[in-house]
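Chemist: I'd like to ask some things about the structure below.
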Amino acid sequence: MAGHSKWANIQHRKGRQDAVRAKLFSKLSKEITVAAKMGDPDPDKNPRLRLAVKEAKSQSVPKDVIERAIKKSQAGEGDDYEEIRYEGYGPNGVAVIVEAMTDNRNRTASTVRSTFTKNGGNLGETGSVGFMFDRKGEVTYPAEAGDADTVMMAAIEAGAEDVESSEDGHVIWCADTDLNDVATALEEELGESESTKLVWRPTTTTDMDLDGMQKLMRLIDALEDDDDVQRVTTNFEASDEVMAQL
């Protein structure tokens with residue numbers, strides 16, 4: 001979906017801002033601490049931690065920050081974090097999934113609800129939009145990793161389900177439970193990936209015009225500004241012309 005790869009590029013550009021970057025580092029560190037707390041502190045023995053570390057490295061999180069986040073888990077930090085998913089609708093009825101990690105469920109629920117309301121959306125019940133997405137593993141590679149046929153063959157051999165190749169790069173999809181194995185196999189064939197993570201992949205999309213996209217971006221920015229929010233996913237679709245004007 002063109003809109004989704006373009007959105008990743010917008011987020012990447014935004015990510016160059018120091019304040020946004022610091023917040024991103026904090027969220028990635030929290031995921032590492034919780035992943036290490038839930039399993040083994042050794043990434044080689046803990047698939048979730050391995051993926052969290054890999055994602056942090058892809059976002060240029062320094063090695064000492066990653067190591068500090070793992071040590072925090074052994075010091076008892078991360079005990080109180082609870083993972084919660086919120087679902088709702090944004091401008092033009094676009095579906096929005098918000099993944100949070102919080103030590104205060106009431107605070108987070110209140111903030112997320114008011115953020116939706118203030119930005120032209122409304123928070124729904126769990127399951128209200130989830131049926132419009134599939135839980136998938138996503139591995140991304142830059143265009144120079146290989147041509148479409150090379151990447152497709154590597155993906156098939158690795159056990160992936162689907163590949164989208166464009167001038168922006170390659171996105172490889174797999175079953176959520178296969179992500180660790182598929183990512184490892186791809187690494188042997190194509191080298192280090194740009195990103196490896198579990199995502200919500202839209203099965204239906206909502207077309208957005210420029211006004212709708214501007215409103216949606218305000219909602220997403222406000223949600224992502226919340227320290228408790230780890231990730232925001234939507235099912236928007238927008239033309240290249242609209243994305244170019246953002």
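Letters for chains follow the order of the structure tokens (A, B, ...), residue numbers begin at 1 for each chain, and ligand numbers begin at 1 in the order shown.
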Let's see if you can do this: from backbone DSSP, list all alpha helix (DSSP H) residues in stretch 72-112 of chain A, as a PyMOL selection string.
Modeler: chain A and resi 72-74+105-112
Chemist: So which residues touch A:Gln74 within 9 Å, counting only C-alpha atoms, skipping near sequence neighbours fewer than 5 positions away, as a PyMOL selection string?
Modeler: chain A and resi 33+36-37+41
Chemist: Report the residues of stretch 12-189 of chain A whose backbone DSSP state falls under strand (DSSP E), written as a PyMOL selection string.
Modeler: chain A and resi 82-89+95-102+122-123+133-141+162-166+169-175
Chemist: Would you mind telling me which residue in A:Val232, A:Val34, A:Val94, A:Leu49 lies nearest to A:Gly76 when using only C-alpha atoms?
Modeler: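 Selected residue with least distance to A:Gly76: A:Val34.
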Chemist: Find the residues around A:Asn92 up to 9 Å (only C-alpha atoms counted), leave out those fewer than 4 positions away in its own chain, and share them as a PyMOL selection string.
Modeler: chain A and resi 120-121+206-208+212+216
Chemist: Limited to C-alpha atoms, could you put the picked residues into a file as a PDB file, in the first residue's frame?
Modeler:
```pdb
ATOM      1  CA  GLY A 120     -11.907  14.513  15.854  1.00  0.00           C
ATOM      2  CA  GLY A 121     -11.926  10.824  16.711  1.00  0.00           C
ATOM      3  CA  THR A 206      -9.943   4.095   4.269  1.00  0.00           C
ATOM      4  CA  ASP A 207      -9.144   6.614   1.538  1.00  0.00           C
ATOM      5  CA  MET A 208      -8.042  10.008   2.860  1.00  0.00           C
ATOM      6  CA  GLY A 212      -8.381  14.205   6.393  1.00  0.00           C
ATOM      7  CA  LEU A 216      -5.164  12.255  11.148  1.00  0.00           C
TER       8      LEU A 216
END
```
Chemist: Would you tabulate, counting only C-alpha atoms, all residues of stretch 169-229 of chain A that have an atom at most 7 Å from an atom of stretch 146-159 of chain A, showing the closest pair of atoms and their distance in Å to one decimal, sorted by chain then ascending number, as CSV?
Modeler:
```
residue,atom,partner,partner_atom,distance
A:Ile172,CA,A:Ala155,CA,7.0
A:Val182,CA,A:Ala158,CA,5.1
A:Ala185,CA,A:Ala158,CA,5.3
A:Leu186,CA,A:Ala158,CA,6.1
A:Glu189,CA,A:Ala154,CA,6.5
```
Chemist: Could those selected residues go to a file with all heavy atoms, as a compact mmCIF listing (two decimals), in the first residue's frame?
Modeler:
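Full text of result15.txt as output:
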```txt
# COMPACT_ATOMS: atom_id res chain seq x y z
N ILE A 172 8.60 -7.34 3.73
CA ILE A 172 8.34 -8.79 3.73
C ILE A 172 7.42 -9.11 4.90
O ILE A 172 7.68 -8.69 6.04
CB ILE A 172 9.67 -9.57 3.86
CG1 ILE A 172 10.58 -9.22 2.66
CG2 ILE A 172 9.41 -11.07 3.92
CD1 ILE A 172 12.04 -9.46 2.89
N VAL A 182 11.82 -16.34 10.40
CA VAL A 182 11.88 -15.73 9.06
C VAL A 182 12.96 -14.65 9.02
O VAL A 182 13.76 -14.58 8.08
CB VAL A 182 10.51 -15.14 8.65
CG1 VAL A 182 10.63 -14.29 7.39
CG2 VAL A 182 9.49 -16.27 8.43
N ALA A 185 16.43 -16.22 8.93
CA ALA A 185 16.73 -16.81 7.61
C ALA A 185 17.01 -15.72 6.58
O ALA A 185 17.93 -15.84 5.75
CB ALA A 185 15.57 -17.68 7.16
N LEU A 186 16.25 -14.64 6.62
CA LEU A 186 16.45 -13.53 5.68
C LEU A 186 17.81 -12.87 5.89
O LEU A 186 18.48 -12.47 4.94
CB LEU A 186 15.34 -12.49 5.85
CG LEU A 186 13.97 -12.84 5.27
CD1 LEU A 186 12.92 -11.83 5.73
CD2 LEU A 186 14.02 -12.88 3.74
N GLU A 189 20.55 -14.49 4.05
CA GLU A 189 20.53 -14.29 2.59
C GLU A 189 20.74 -12.84 2.18
O GLU A 189 21.43 -12.55 1.20
CB GLU A 189 19.17 -14.77 2.03
CG GLU A 189 18.99 -16.28 2.03
CD GLU A 189 19.98 -16.98 1.13
OE1 GLU A 189 20.21 -16.50 0.00
OE2 GLU A 189 20.55 -18.01 1.55
```
Chemist: Please provide as a ChimeraX atom specification all residues within 10 Å of A:Lys197, with the sequence filter that same-chain residues fewer than 6 positions apart are discarded (counting only C-alpha atoms).
Modeler: /A:48,51-52,54-55,136-140,176,179-180,183
Chemist: A:Val53: which residues within 8 Å, counting only C-alpha atoms, same-chain residues fewer than 6 positions away excluded, as a PyMOL selection string?
Modeler: chain A and resi 32+43+66
Chemist: Quick check, in Å to one decimal: how far apart do atom CA of A:Asn119 and atom CA of A:Lys215 lie?
Modeler: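 Computed distance, atom CA of A:Asn119 to atom CA of A:Lys215, equals 7.1 Å.
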Chemist: Using only C-alpha atoms, pick whichever of A:Thr177, A:Ser195, A:Gln59, A:Thr205 has the shortest atom-to-atom distance to A:Thr233.
Modeler: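 Nearest to A:Thr233: A:Thr205.
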Chemist: From the options A:Lys71, A:Asp240, A:Ser110, A:Arg231, which residue's atoms come nearest to A:Asp40, counting only C-alpha atoms?
Modeler: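 Counting only C-alpha atoms, the residue closest to A:Asp40 is A:Lys71.
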Chemist: Give the answer as one residue: which of A:Asp64, A:Val199, A:Gly130, A:Gly90 has the shortest atom-to-atom distance to A:Gln230, using only C-alpha atoms?
Modeler: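 Closest candidate: A:Val199.
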